[in-house]
Structures are given as C-alpha cells and as structure tokens.
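Note sheet for the following structure.
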Number of protein chains: 2
Amino acid sequence: MKIIFLGTSASKPTSERNPSSVALQYNNGEFMLFDCGEGTQRQMIKKVSPMKISKIFITHLHADHIVGIIGLIQSMKLNGRTQLLQIFVPKDTLEYMKTLFSIPYFSADFEIHIIEVFDEKIEFDGYWIKPFPVSHGVPAVGYVFGVNDSRGKFNKKLCDELGIKREMFSILEKNGKIEVNGKEISIDEVTGKLKKGKKIVYTGDTEKIEIFPEEAYHCDVLIHDSTFISPEDKKETYHSTVKEACETGMVLSAKKIVLTHISQRYETKEVEEESKKYCENAIVAEDFLEINL
Amino acid sequence: MKIIFLGTSASKPTSERNPSSVALQYNNGEFMLFDCGEGTQRQMIKKVSPMKISKIFITHLHADHIVGIIGLIQSMKLNGRTQLLQIFVPKDTLEYMKTLFSIPYFSADFEIHIIEVFDEKIEFDGYWIKPFPVSHGVPAVGYVFGVNDSRGKFNKKLCDELGIKREMFSILEKNGKIEVNGKEISIDEVTGKLKKGKKIVYTGDTEKIEIFPEEAYHCDVLIHDSTFISPEDKKETYHSTVKEACETGMVLSAKKIVLTHISQRYETKEVEEESKKYCENAIVAEDFLEINL
C-alpha cells in the first residue's frame, strides 16, 4: 500500500505545492483519492492512473479540495471509462455536487455514485472507511481508512503432510475448515501469523478537534492540517497549527504524523523545525512524497 | 503589449502542457485572459497578477477551457479583491455560468459581470473585442482583440516654437485643437506619426471555418486550434489540423500564426515540421511562450 501526496498547499497553489489531494494505492493496484484540488490530474501523471481510481473521498467542498474532480471526470470520459466511480462527500453537500454535475459540460457518460457520509463506518472488500466530523466552518469530515487484518500464508509443507492439496485451498478459504482423511482441519492450523491491518487518518482542513472515533487511535499514519506555525497567523481561521497537529498525533498515538496544507508564507524547513519542538515522528509533506506501508 | 501562453494542451494536461489559457498584458499593466483551463492560476505564478486581471474571455464551456476560473476567483477573494471582474462567454451559456456560481463554495464577494457575446463588437478604453462564431459542436466563439490606433508623441521642439506650453497638452488632447497667440493649432500639426493599433485573433477550439469578421484580416497574430496533424487522427472532432490552421492564417494574411491546443500524441517538433510544409510564419506554442507586440 502506498500513500502519494499530490497536493500539499493551503488554499492557493504555489510553484512547489499544488492544492490538496492525497492518493492511496491499495494492494491490488486500485487507487483512491482523498480530496481532489485544482490541477490534481496533472499531478497524477506517471503516478496515478485515472482509470484505476475507484473512489474519491472529499473532506469538504472548498474549491482547493474539489475543483480537480471536474477535469478528472472529463479525462476519464475521454479515456472511455465505463467503471463506476464512487464519490463520498460530507453530509449536507450532496445538492451542491448534483448542481455541479447538472452542468452538461461537466457531466459523465459512465456511472457516478455520490454518497453523503457523516460518521457511519463503511465496509469494502478488504478495507473500510470511517468518516468523522471535523471543524472547518462548513460541512466537513475527516476519514480513517483501514485495511482489515488478513490471515498469514498457507504453510505448504504442513499442508502436504496433512494431505491438503493446492486445489483445496479455496474451499478451506471459503469455509474456514476442511475434512481430509476423516480429520477436520481449520484454516488457522495451516496458515501463518495473522497479518495486522493498517490504518491511515486524514483530517482534511480542520481546527484542532478533541473527539476522534476509536478507529483513529494507534493509526499508522496521521495526515493532519498544519496550515500555520503561529496562532497569530492562524487567527480565527478553521485550521490547525503545527503544534496542534503534533499534539493530536500524540493523543492518537499515531506512529507517523504527516503535516500538510502548508501556508505559502512558510518555508518547509521552518515547519519542520517547529514540529521538532513537539514530536520526533512528524514529517512535513511535499508534493510527490510517497509513503509505503 | 505581451501575449503569454499559459496552457497549450488539447483536452488533457500533459507533463509539459497545461489546459488552455492565453494571457494578454495590455500596455498599462492590465491583464486579460482568453480561456482559463484547470491549473491556470498555478501557471500564472510570477507571470500574471490575478489582481490585475480585468476581463476573462471564454471561447466555450468545455472543462479544459473554463475550470480554472473557479479557483482563480477564490484566490482573488482570498487576496481581498474589490475590483469588478468581467467574464465574457458565448451566447446560450450564461445560465450554466450562473449555475456554477450559484454553488456557494464557488461564489465571489466582489462584483462579477458575466456577459454573453456572439458577434457584436465591444469597445473598451483604448481597445476593442470582436467575437465571432466558430464551429466546435457547442456554443463557441473566437475573439479578435484590437488596440485602437493612437496619435504620435508631441513634438516638443515645435510646441516650444509655437508657444504651446506643457500645461496646454491636456487641453489640446481633449479638444483636438488650441488657440495660441491668436492662431488655431490642431493636435495633428504638433504630434508625430499615427501609431497603428495591433490585432490578435484567438480562435479557441474550432474546426476549419471560412467566415471571419473583417477585423480578423491582416492581424498581427493568429492563435489557432491546431490539435491534429493528420485528418485520420482528427476524425469527426470539431478541431483543426496544422494544415487547416496554416491555411486560415494565409487567408487572413496574419503576420504570425501560433499553433496551439496540441494533442498529446505529438512531439512539438513533429507539429513544427508539419507547419513548415504550408507556411514560414507559423510557430508552435509551448507553455510560457511570450510574444511581445
């Protein structure tokens, strides 16, 4: 699994940073996007195949998080996409998305499902999403993305000894047990150690929040709004400082904290230095940063 | 006056080319945009000040020509813009623009006038625009941008001899004549040779068209859709080949032809070589190409 930062700027693009988008490449090559700011499809070139994107998770509808979806869909259409695209948006924003796609120039000729989310967990094949409300002055959510635990590999030597042939693996997989030579064998007996799933938390834009779903704790990666260094720059905006992002990471016991949505007034180095005051496991995202999990 | 090519790709961005936009810097520092594809505001960095853009001329509403307007307006808003922005769109598209800006996330807090155009000439202070219908399968126009002829500089030596003082220049300018020592002097007598205006024609996306307004003839620069090299690649799309763009340039007696909206399937060099078969005064636009007039 791989996280690819496609856009890490705050509000406006800079020479170095594009507006917000994070791509996630799931094990089987499926891609998901978290937000899709203007210019995302250009950032994707040589990194993310538009045709392999199955789902786009939008945190809120500010232009720097959503505008790229229009061109991306038109490019998918030009490429002859037929596969369903699912777009997840915060509760109370569905009507605006429908209005956007009601403009014939922005419509698709393949199926798009737009799904409103708030805090209900959604299960997919092998992974799940847990949206949670954040505080950004408009309808906004963050997302916990989780990969289910998976069983270890078949111990082929043991299987041979017990008379479990290769063609029986799928039956064992399906039923969790199999009878061989009059003996019932469970899958756990012939497979290795459980492979622990992974968890990524992406807050989108938010001021510091205190309430997270239990799924967010002990995440492998926390990607947090970190627009400002000083509270004086932050003022009354609904964003977080580096300190607040780091504190949240510690509260959640995140293994790694990635600071993003960096205001153009700062150099990356400044933000890095600020983060080191509060924690050792924080890094500052830059466009095209990749994290393998 | 300066033309800056901000985006020269066809439909989709490539590593080298962004979707369509051409900026025009008028004499006094005022900027205008012709189309505003996704990512235009990022292309503008260090080239075009968003706050100095007075007018945006849209040729048609396909996403690769219009999507950048959303983020650009949000950035203008963040920068505290108060100045009016005029957006010109083809006839029969006003409702779609209104729908787009009805989405509260995309609205502005400064004044925006959206004006539908078809083929009526519009006069501004020192320059004019003449839209003309093109053929792109959707409501679409091209634009002739013209700068008015302007008088030559005051011949200061002659003015001194005739007793015309500096403070009289504005009166002479306003009335076209002045009485000095009982003698009436017209402005033409004391100013240099008329400075001929300039004309730029921008077609936007179009298949080859035969009918142009008279204002388009003898233009200084023709910027023409040149998506394809071969008619086989072009198929039934509403775009032009290099050959067709060059032929149009010759029909219009354009001083310079700039080929743009280049399909990603071609190398710039191939397009250049193709153009040389038909005319000597054609160049292929690349992002950030600048032409001074």
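Each chain in the structure tokens gets a letter, A, B and so on, in the order shown; residues start at 1 in every chain, and ligands are counted from 1 in the order they appear.
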
Task: Long-range neighbours of Val22 in chain A as number ranges by chain, 6 Å cut-off, only C-alpha atoms, 2 positions minimum in chain - done: A: 4-6, 33-34

Residues as selected, all heavy atoms, written as a short mmCIF file (atom, residue, chain, number, x, y, z; two decimals), in the first residue's frame, can you do that?
data_model
loop_
_atom_site.label_atom_id
_atom_site.label_comp_id
_atom_site.auth_asym_id
_atom_site.auth_seq_id
_atom_site.Cartn_x
_atom_site.Cartn_y
_atom_site.Cartn_z
N ILE A 4 0.50 8.65 -1.75
CA ILE A 4 1.20 9.61 -2.62
C ILE A 4 0.58 10.99 -2.42
O ILE A 4 -0.62 11.17 -2.65
CB ILE A 4 1.10 9.22 -4.11
CG1 ILE A 4 1.49 7.75 -4.32
CG2 ILE A 4 1.96 10.14 -4.98
CD1 ILE A 4 1.10 7.20 -5.69
N PHE A 5 1.38 11.93 -1.97
CA PHE A 5 0.88 13.30 -1.77
C PHE A 5 0.91 14.04 -3.11
O PHE A 5 1.97 14.32 -3.64
CB PHE A 5 1.71 14.02 -0.70
CG PHE A 5 1.45 13.47 0.68
CD1 PHE A 5 2.09 12.32 1.12
CD2 PHE A 5 0.53 14.08 1.51
CE1 PHE A 5 1.81 11.78 2.37
CE2 PHE A 5 0.25 13.56 2.77
CZ PHE A 5 0.88 12.40 3.19
N LEU A 6 -0.28 14.35 -3.62
CA LEU A 6 -0.37 15.02 -4.92
C LEU A 6 -0.45 16.54 -4.78
O LEU A 6 -0.10 17.27 -5.70
CB LEU A 6 -1.58 14.50 -5.69
CG LEU A 6 -1.56 13.02 -6.05
CD1 LEU A 6 -2.89 12.60 -6.66
CD2 LEU A 6 -0.42 12.70 -6.99
N LEU A 33 -8.64 8.53 -4.09
CA LEU A 33 -8.16 9.89 -3.83
C LEU A 33 -8.85 10.43 -2.58
O LEU A 33 -10.04 10.19 -2.37
CB LEU A 33 -8.50 10.83 -4.99
CG LEU A 33 -7.79 10.64 -6.33
CD1 LEU A 33 -8.19 11.77 -7.28
CD2 LEU A 33 -6.27 10.62 -6.16
N PHE A 34 -8.09 11.15 -1.79
CA PHE A 34 -8.65 11.90 -0.68
C PHE A 34 -8.51 13.37 -1.07
O PHE A 34 -7.40 13.91 -1.12
CB PHE A 34 -7.92 11.58 0.62
CG PHE A 34 -8.21 10.20 1.12
CD1 PHE A 34 -7.52 9.10 0.60
CD2 PHE A 34 -9.22 9.98 2.04
CE1 PHE A 34 -7.81 7.82 1.03
CE2 PHE A 34 -9.52 8.69 2.47
CZ PHE A 34 -8.81 7.60 1.96
#

Taking only C-alpha atoms into account, what are the residues of chain B at most 10 Å from chain A, put as a compact mmCIF listing (two decimals) with N, CA and C atoms, in the first residue's frame?
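Output saved as out05.txt:
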# COMPACT_ATOMS: atom_id res chain seq x y z
N SER B 11 -7.36 19.22 -24.48
CA SER B 11 -8.25 18.45 -23.60
C SER B 11 -7.64 18.06 -22.26
N LYS B 12 -6.58 17.28 -22.28
CA LYS B 12 -5.98 16.80 -21.03
C LYS B 12 -4.61 17.45 -20.82
N PRO B 13 -4.23 17.68 -19.57
CA PRO B 13 -2.88 18.20 -19.34
C PRO B 13 -1.84 17.13 -19.62
N THR B 14 -0.64 17.54 -19.95
CA THR B 14 0.50 16.62 -20.05
C THR B 14 1.58 17.16 -19.11
N SER B 15 2.70 16.46 -19.00
CA SER B 15 3.79 16.96 -18.14
C SER B 15 4.23 18.35 -18.60
N GLU B 16 4.21 18.58 -19.92
CA GLU B 16 4.74 19.84 -20.46
C GLU B 16 3.67 20.88 -20.71
N ARG B 17 2.44 20.45 -20.92
CA ARG B 17 1.39 21.39 -21.34
C ARG B 17 0.20 21.36 -20.39
N ASN B 18 -0.22 22.55 -19.98
CA ASN B 18 -1.43 22.70 -19.16
C ASN B 18 -2.62 22.96 -20.08
N PRO B 19 -3.86 22.71 -19.61
CA PRO B 19 -5.02 23.05 -20.44
C PRO B 19 -5.07 24.55 -20.80
N GLY B 37 -8.33 27.30 -18.38
CA GLY B 37 -8.41 25.86 -18.07
C GLY B 37 -7.91 25.55 -16.66
N GLU B 38 -8.15 24.33 -16.23
CA GLU B 38 -7.71 23.88 -14.91
C GLU B 38 -6.21 24.14 -14.72
N GLY B 39 -5.86 24.68 -13.59
CA GLY B 39 -4.44 24.89 -13.28
C GLY B 39 -3.89 26.22 -13.76
N THR B 40 -4.73 27.05 -14.39
CA THR B 40 -4.25 28.31 -14.94
C THR B 40 -3.63 29.19 -13.85
N GLN B 41 -4.25 29.26 -12.67
CA GLN B 41 -3.71 30.15 -11.64
C GLN B 41 -2.30 29.72 -11.20
N ARG B 42 -2.02 28.42 -11.27
CA ARG B 42 -0.66 28.00 -10.93
C ARG B 42 0.32 28.39 -12.04
N GLN B 43 -0.13 28.29 -13.29
CA GLN B 43 0.72 28.70 -14.42
C GLN B 43 1.02 30.20 -14.37
N MET B 44 0.10 30.95 -13.77
CA MET B 44 0.23 32.42 -13.72
C MET B 44 1.33 32.90 -12.76
N ILE B 45 1.73 32.03 -11.83
CA ILE B 45 2.68 32.45 -10.79
C ILE B 45 3.93 33.08 -11.41
N LYS B 46 4.27 34.26 -10.93
CA LYS B 46 5.42 35.05 -11.40
C LYS B 46 5.25 35.59 -12.83
N HIS B 60 -15.57 28.77 -25.02
CA HIS B 60 -16.65 27.79 -24.87
C HIS B 60 -16.48 27.14 -23.50
N LEU B 61 -17.48 26.38 -23.10
CA LEU B 61 -17.51 25.93 -21.70
C LEU B 61 -16.96 24.53 -21.45
N HIS B 62 -16.24 23.95 -22.41
CA HIS B 62 -15.60 22.66 -22.12
C HIS B 62 -14.65 22.83 -20.94
N ALA B 63 -14.58 21.77 -20.11
CA ALA B 63 -13.85 21.85 -18.84
C ALA B 63 -12.41 22.35 -19.01
N ASP B 64 -11.74 21.93 -20.09
CA ASP B 64 -10.33 22.30 -20.26
C ASP B 64 -10.14 23.77 -20.63
N HIS B 65 -11.25 24.50 -20.76
CA HIS B 65 -11.16 25.94 -21.08
C HIS B 65 -11.74 26.81 -19.97
N ILE B 66 -12.37 26.20 -18.98
CA ILE B 66 -13.16 27.01 -18.04
C ILE B 66 -12.91 26.71 -16.56
N VAL B 67 -12.47 25.49 -16.25
CA VAL B 67 -12.45 25.04 -14.85
C VAL B 67 -11.55 25.91 -13.95
N GLY B 68 -10.48 26.46 -14.52
CA GLY B 68 -9.54 27.25 -13.71
C GLY B 68 -10.15 28.51 -13.14
N ILE B 69 -11.27 28.92 -13.72
CA ILE B 69 -11.91 30.16 -13.28
C ILE B 69 -12.40 30.05 -11.82
N ILE B 70 -12.76 28.85 -11.40
CA ILE B 70 -13.33 28.67 -10.06
C ILE B 70 -12.27 28.97 -9.00
N GLY B 71 -11.13 28.31 -9.11
CA GLY B 71 -10.06 28.52 -8.13
C GLY B 71 -9.48 29.92 -8.21
N LEU B 72 -9.40 30.45 -9.44
CA LEU B 72 -8.86 31.80 -9.62
C LEU B 72 -9.71 32.81 -8.87
N ILE B 73 -11.02 32.67 -8.98
CA ILE B 73 -11.92 33.61 -8.29
C ILE B 73 -11.80 33.45 -6.77
N GLN B 74 -11.63 32.21 -6.30
CA GLN B 74 -11.46 32.01 -4.85
C GLN B 74 -10.15 32.65 -4.37
N SER B 75 -9.11 32.58 -5.19
CA SER B 75 -7.83 33.20 -4.82
C SER B 75 -7.94 34.72 -4.84
N MET B 76 -8.65 35.26 -5.81
CA MET B 76 -8.88 36.72 -5.85
C MET B 76 -9.60 37.15 -4.57
N LEU B 78 -9.58 35.58 -1.63
CA LEU B 78 -8.63 35.48 -0.51
C LEU B 78 -7.66 36.67 -0.50
N GLU B 95 -26.61 30.74 -18.54
CA GLU B 95 -27.32 30.00 -17.48
C GLU B 95 -26.39 29.01 -16.78
N TYR B 96 -25.50 28.39 -17.57
CA TYR B 96 -24.57 27.41 -16.98
C TYR B 96 -23.57 28.11 -16.06
N MET B 97 -23.13 29.28 -16.47
CA MET B 97 -22.20 30.04 -15.63
C MET B 97 -22.89 30.44 -14.33
N THR B 99 -25.34 28.87 -12.93
CA THR B 99 -25.49 27.64 -12.13
C THR B 99 -24.19 27.36 -11.37
N LEU B 100 -23.06 27.51 -12.09
CA LEU B 100 -21.76 27.24 -11.46
C LEU B 100 -21.55 28.15 -10.25
N PHE B 101 -21.80 29.43 -10.45
CA PHE B 101 -21.56 30.38 -9.35
C PHE B 101 -22.68 30.39 -8.31
N SER B 102 -23.75 29.63 -8.57
CA SER B 102 -24.80 29.51 -7.55
C SER B 102 -24.36 28.58 -6.44
N ILE B 103 -23.32 27.80 -6.69
CA ILE B 103 -22.78 26.92 -5.64
C ILE B 103 -22.02 27.83 -4.66
N PRO B 104 -22.48 27.92 -3.41
CA PRO B 104 -21.91 28.94 -2.52
C PRO B 104 -20.39 28.85 -2.37
N TYR B 105 -19.83 27.65 -2.46
CA TYR B 105 -18.37 27.47 -2.33
C TYR B 105 -17.61 28.14 -3.48
N PHE B 106 -18.29 28.39 -4.58
CA PHE B 106 -17.63 28.94 -5.77
C PHE B 106 -17.97 30.41 -6.00
N VAL B 138 -20.56 22.97 -29.91
CA VAL B 138 -21.24 23.56 -28.74
C VAL B 138 -21.18 25.08 -28.95

Open item on the list: Given only C-alpha atoms as the basis, pick out the residue of B:Glu173, B:Gly204, B:Lys165, B:Ile122 nearest to Ala140 in chain B.
Closed with: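 Closest to Ala140 in chain B of all the choices is B:Gly204.
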
- [ ] Based on DSSP run over this structure's backbone, return all residues of range 81-289 of chain A in alpha helix (DSSP H), as JSON, numbers by chain.
- [x] {"A": [94, 95, 96, 97, 98, 99, 100, 101, 102, 156, 157, 158, 159, 160, 161, 162, 169, 170, 171, 172, 173, 174, 175, 187, 188, 189, 190, 231, 232, 233, 234, 242, 243, 244, 245, 246, 247, 248, 249, 250, 251, 268, 269, 270, 271, 272, 273, 274, 275, 276]}

Hey, what's within 7 Å of Thr203 in chain B if we count only C-alpha atoms and toss same-chain stuff fewer than 3 positions away? As a short mmCIF file (atom, residue, chain, number, x, y, z; two decimals) with N, CA and C atoms, in the first residue's frame, please?
data_model
loop_
_atom_site.label_atom_id
_atom_site.label_comp_id
_atom_site.auth_asym_id
_atom_site.auth_seq_id
_atom_site.Cartn_x
_atom_site.Cartn_y
_atom_site.Cartn_z
N GLY B 142 -14.73 32.73 -31.24
CA GLY B 142 -13.35 33.19 -31.21
C GLY B 142 -13.38 34.68 -30.90
N TYR B 143 -12.22 35.28 -30.71
CA TYR B 143 -12.19 36.71 -30.41
C TYR B 143 -11.10 37.39 -31.24
N THR B 206 -11.86 24.98 -32.68
CA THR B 206 -12.77 25.02 -33.84
C THR B 206 -12.26 24.14 -34.96
N ILE B 223 -3.86 33.09 -33.30
CA ILE B 223 -3.65 31.93 -32.41
C ILE B 223 -4.75 30.93 -32.77
N HIS B 224 -4.38 29.81 -33.34
CA HIS B 224 -5.38 28.90 -33.94
C HIS B 224 -5.31 27.49 -33.35
N ASP B 225 -6.46 26.91 -33.12
CA ASP B 225 -6.58 25.49 -32.78
C ASP B 225 -5.77 24.70 -33.81
#

TODO: Have a look at CA of Leu194 in chain B and CA of Lys153 in chain B and let me know their distance in Å, one decimal.
DONE: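 Taking CA of Leu194 in chain B and CA of Lys153 in chain B, their separation equals 8.8 Å.
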
Open item on the list: Rounded to one decimal, what separation in Å do you get between CA of Glu244 in chain B and CA of Lys276 in chain B?
Closed with: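 Computing the Euclidean distance for CA of Glu244 in chain B and CA of Lys276 in chain B yields 12.8 Å.
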
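Residues in contact range of Val147 in chain A, defined as at most 7 Å between only C-alpha atoms, with sequence neighbours fewer than 2 positions away removed, read Gly126, Tyr127, Trp128, Phe145, Asp149, Gly197, Lys198 and Lys199 of chain A.
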
Produce a file of the selected residues containing C-alpha atoms, as a CSV table (one decimal), in the first residue's frame.
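selection_17.csv was written with the following content:
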chain,number,residue,atom,x,y,z
A,126,GLY,CA,-10.7,-5.9,2.3
A,127,TYR,CA,-10.8,-2.4,3.7
A,128,TRP,CA,-13.2,0.1,5.4
A,145,PHE,CA,-9.0,4.4,6.1
A,149,ASP,CA,-6.4,-7.9,9.3
A,197,GLY,CA,-4.2,-4.3,9.0
A,198,LYS,CA,-3.1,-0.7,8.6
A,199,LYS,CA,-4.9,2.5,9.5

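The two atoms in question, CA of Asp125 in chain B and CA of Ile257 in chain B, are spaced 26.7 Å apart.
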
Task: Exercise: Glu207 in chain A partners within 9 Å, only C-alpha atoms, chain neighbours under 4 positions left out, as a list in words - done: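 Here the answer would be Val134, Ser135, His136, Asp225, Thr237, Tyr238, His239, Ser240, Thr241 and Glu244 of chain A.
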
- [ ] Choose the residue, out of A:Lys277, A:Lys193, A:Arg265, A:Lys256, that has the smallest atom-to-atom separation from Asn292 in chain A; count only C-alpha atoms.
- [x]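 Closest residue, counting only C-alpha atoms: A:Lys256.
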
Open item on the list: Restricting the calculation to only C-alpha atoms: of B:Tyr266, B:Phe288, B:Phe124, B:Phe88, which residue gets closest to Thr8 in chain B?
Closed with: B:Phe288

Task: Proximity to Val201 in chain B - best of B:Asn281, B:Thr59, B:Asn28, B:Thr268, only C-alpha atoms - done: B:Thr59

Open item on the list: Ranking B:Ile211, B:Met32, B:Val271, B:Ile200 by minimum distance to Ile229 in chain B and counting only C-alpha atoms, which one comes first?
Closed with: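 Comparing B:Ile211, B:Met32, B:Val271, B:Ile200 against Ile229 in chain B, the winner is B:Val271.
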
Open item on the list: Report as a PyMOL selection string all protein, DNA and RNA residues lying within 10 Å of Val242 in chain A, evaluated on only C-alpha atoms, omitting residues in the same chain fewer than 5 positions from it.
Closed with: chain A and resi 224-231+247-248+259-260+262+271-278+282+284

Put those residues in a file: N, CA, C and O atoms, as an mmCIF file, in the first residue's frame.
data_model
loop_
_atom_site.group_PDB
_atom_site.id
_atom_site.type_symbol
_atom_site.label_atom_id
_atom_site.label_comp_id
_atom_site.auth_asym_id
_atom_site.auth_seq_id
_atom_site.Cartn_x
_atom_site.Cartn_y
_atom_site.Cartn_z
ATOM 1 N N HIS A 224 -2.442 15.424 8.868
ATOM 2 C CA HIS A 224 -3.190 16.463 9.594
ATOM 3 C C HIS A 224 -2.983 17.848 8.982
ATOM 4 O O HIS A 224 -1.881 18.210 8.587
ATOM 5 N N ASP A 225 -4.059 18.610 8.903
ATOM 6 C CA ASP A 225 -3.987 20.046 8.578
ATOM 7 C C ASP A 225 -2.938 20.684 9.473
ATOM 8 O O ASP A 225 -2.946 20.501 10.697
ATOM 9 N N SER A 226 -2.039 21.440 8.841
ATOM 10 C CA SER A 226 -0.962 22.072 9.605
ATOM 11 C C SER A 226 -0.623 23.393 8.914
ATOM 12 O O SER A 226 0.529 23.689 8.629
ATOM 13 N N THR A 227 -1.668 24.157 8.677
ATOM 14 C CA THR A 227 -1.547 25.357 7.838
ATOM 15 C C THR A 227 -0.593 26.392 8.418
ATOM 16 O O THR A 227 0.168 27.028 7.698
ATOM 17 N N PHE A 228 -0.632 26.544 9.749
ATOM 18 C CA PHE A 228 0.100 27.661 10.358
ATOM 19 C C PHE A 228 1.167 27.220 11.355
ATOM 20 O O PHE A 228 1.086 26.137 11.938
ATOM 21 N N ILE A 229 2.129 28.101 11.558
ATOM 22 C CA ILE A 229 3.079 27.912 12.659
ATOM 23 C C ILE A 229 2.551 28.651 13.891
ATOM 24 O O ILE A 229 2.369 28.062 14.941
ATOM 25 N N SER A 230 2.279 29.932 13.721
ATOM 26 C CA SER A 230 1.897 30.725 14.904
ATOM 27 C C SER A 230 0.388 30.943 14.996
ATOM 28 O O SER A 230 -0.290 31.086 13.974
ATOM 29 N N PRO A 231 -0.125 31.005 16.221
ATOM 30 C CA PRO A 231 -1.550 31.318 16.412
ATOM 31 C C PRO A 231 -1.882 32.717 15.864
ATOM 32 O O PRO A 231 -3.012 32.968 15.455
ATOM 33 N N GLU A 247 0.243 17.594 18.632
ATOM 34 C CA GLU A 247 -0.454 17.183 19.863
ATOM 35 C C GLU A 247 -1.519 16.139 19.551
ATOM 36 O O GLU A 247 -1.650 15.140 20.262
ATOM 37 N N THR A 248 -2.264 16.382 18.488
ATOM 38 C CA THR A 248 -3.300 15.418 18.090
ATOM 39 C C THR A 248 -2.669 14.071 17.756
ATOM 40 O O THR A 248 -3.173 13.013 18.144
ATOM 41 N N LEU A 259 2.442 16.346 8.272
ATOM 42 C CA LEU A 259 1.855 17.683 8.311
ATOM 43 C C LEU A 259 1.650 18.156 6.879
ATOM 44 O O LEU A 259 2.566 18.110 6.063
ATOM 45 N N THR A 260 0.450 18.625 6.589
ATOM 46 C CA THR A 260 0.185 19.081 5.220
ATOM 47 C C THR A 260 -0.696 20.320 5.226
ATOM 48 O O THR A 260 -1.014 20.849 6.270
ATOM 49 N N ILE A 262 0.133 23.359 3.899
ATOM 50 C CA ILE A 262 1.112 24.301 4.451
ATOM 51 C C ILE A 262 0.927 25.693 3.828
ATOM 52 O O ILE A 262 0.959 25.818 2.604
ATOM 53 N N VAL A 271 8.692 24.814 9.025
ATOM 54 C CA VAL A 271 7.612 23.976 9.543
ATOM 55 C C VAL A 271 8.209 22.730 10.196
ATOM 56 O O VAL A 271 7.775 22.296 11.277
ATOM 57 N N GLU A 272 9.239 22.187 9.566
ATOM 58 C CA GLU A 272 9.944 21.022 10.120
ATOM 59 C C GLU A 272 10.524 21.345 11.498
ATOM 60 O O GLU A 272 10.345 20.584 12.457
ATOM 61 N N GLU A 273 11.205 22.469 11.568
ATOM 62 C CA GLU A 273 11.839 22.867 12.840
ATOM 63 C C GLU A 273 10.799 23.058 13.936
ATOM 64 O O GLU A 273 10.991 22.652 15.073
ATOM 65 N N GLU A 274 9.678 23.665 13.550
ATOM 66 C CA GLU A 274 8.594 23.871 14.523
ATOM 67 C C GLU A 274 8.089 22.517 15.040
ATOM 68 O O GLU A 274 7.897 22.344 16.242
ATOM 69 N N SER A 275 7.927 21.558 14.130
ATOM 70 C CA SER A 275 7.373 20.263 14.544
ATOM 71 C C SER A 275 8.310 19.545 15.512
ATOM 72 O O SER A 275 7.860 18.822 16.410
ATOM 73 N N LYS A 276 9.618 19.746 15.337
ATOM 74 C CA LYS A 276 10.599 19.039 16.184
ATOM 75 C C LYS A 276 10.511 19.469 17.645
ATOM 76 O O LYS A 276 10.983 18.763 18.539
ATOM 77 N N LYS A 277 9.881 20.620 17.886
ATOM 78 C CA LYS A 277 9.693 21.071 19.278
ATOM 79 C C LYS A 277 8.707 20.171 20.010
ATOM 80 O O LYS A 277 8.693 20.128 21.228
ATOM 81 N N TYR A 278 7.829 19.512 19.253
ATOM 82 C CA TYR A 278 6.728 18.792 19.897
ATOM 83 C C TYR A 278 6.796 17.278 19.734
ATOM 84 O O TYR A 278 6.305 16.553 20.589
ATOM 85 N N ALA A 282 7.085 13.389 13.341
ATOM 86 C CA ALA A 282 6.335 14.183 12.359
ATOM 87 C C ALA A 282 7.232 14.540 11.174
ATOM 88 O O ALA A 282 8.414 14.836 11.351
ATOM 89 N N VAL A 284 7.051 16.812 7.262
ATOM 90 C CA VAL A 284 6.259 17.787 6.515
ATOM 91 C C VAL A 284 6.082 17.270 5.090
ATOM 92 O O VAL A 284 7.064 16.966 4.409
#

Open item on the list: Would you pick out the contacts of Glu290 in chain B at 12 Å or less, using only C-alpha atoms, so that residues sharing its chain but fewer than 4 positions from it are not included, and give the list as a PyMOL selection string?
Closed with: chain B and resi 1-7+22-25+47-48+258+283-286
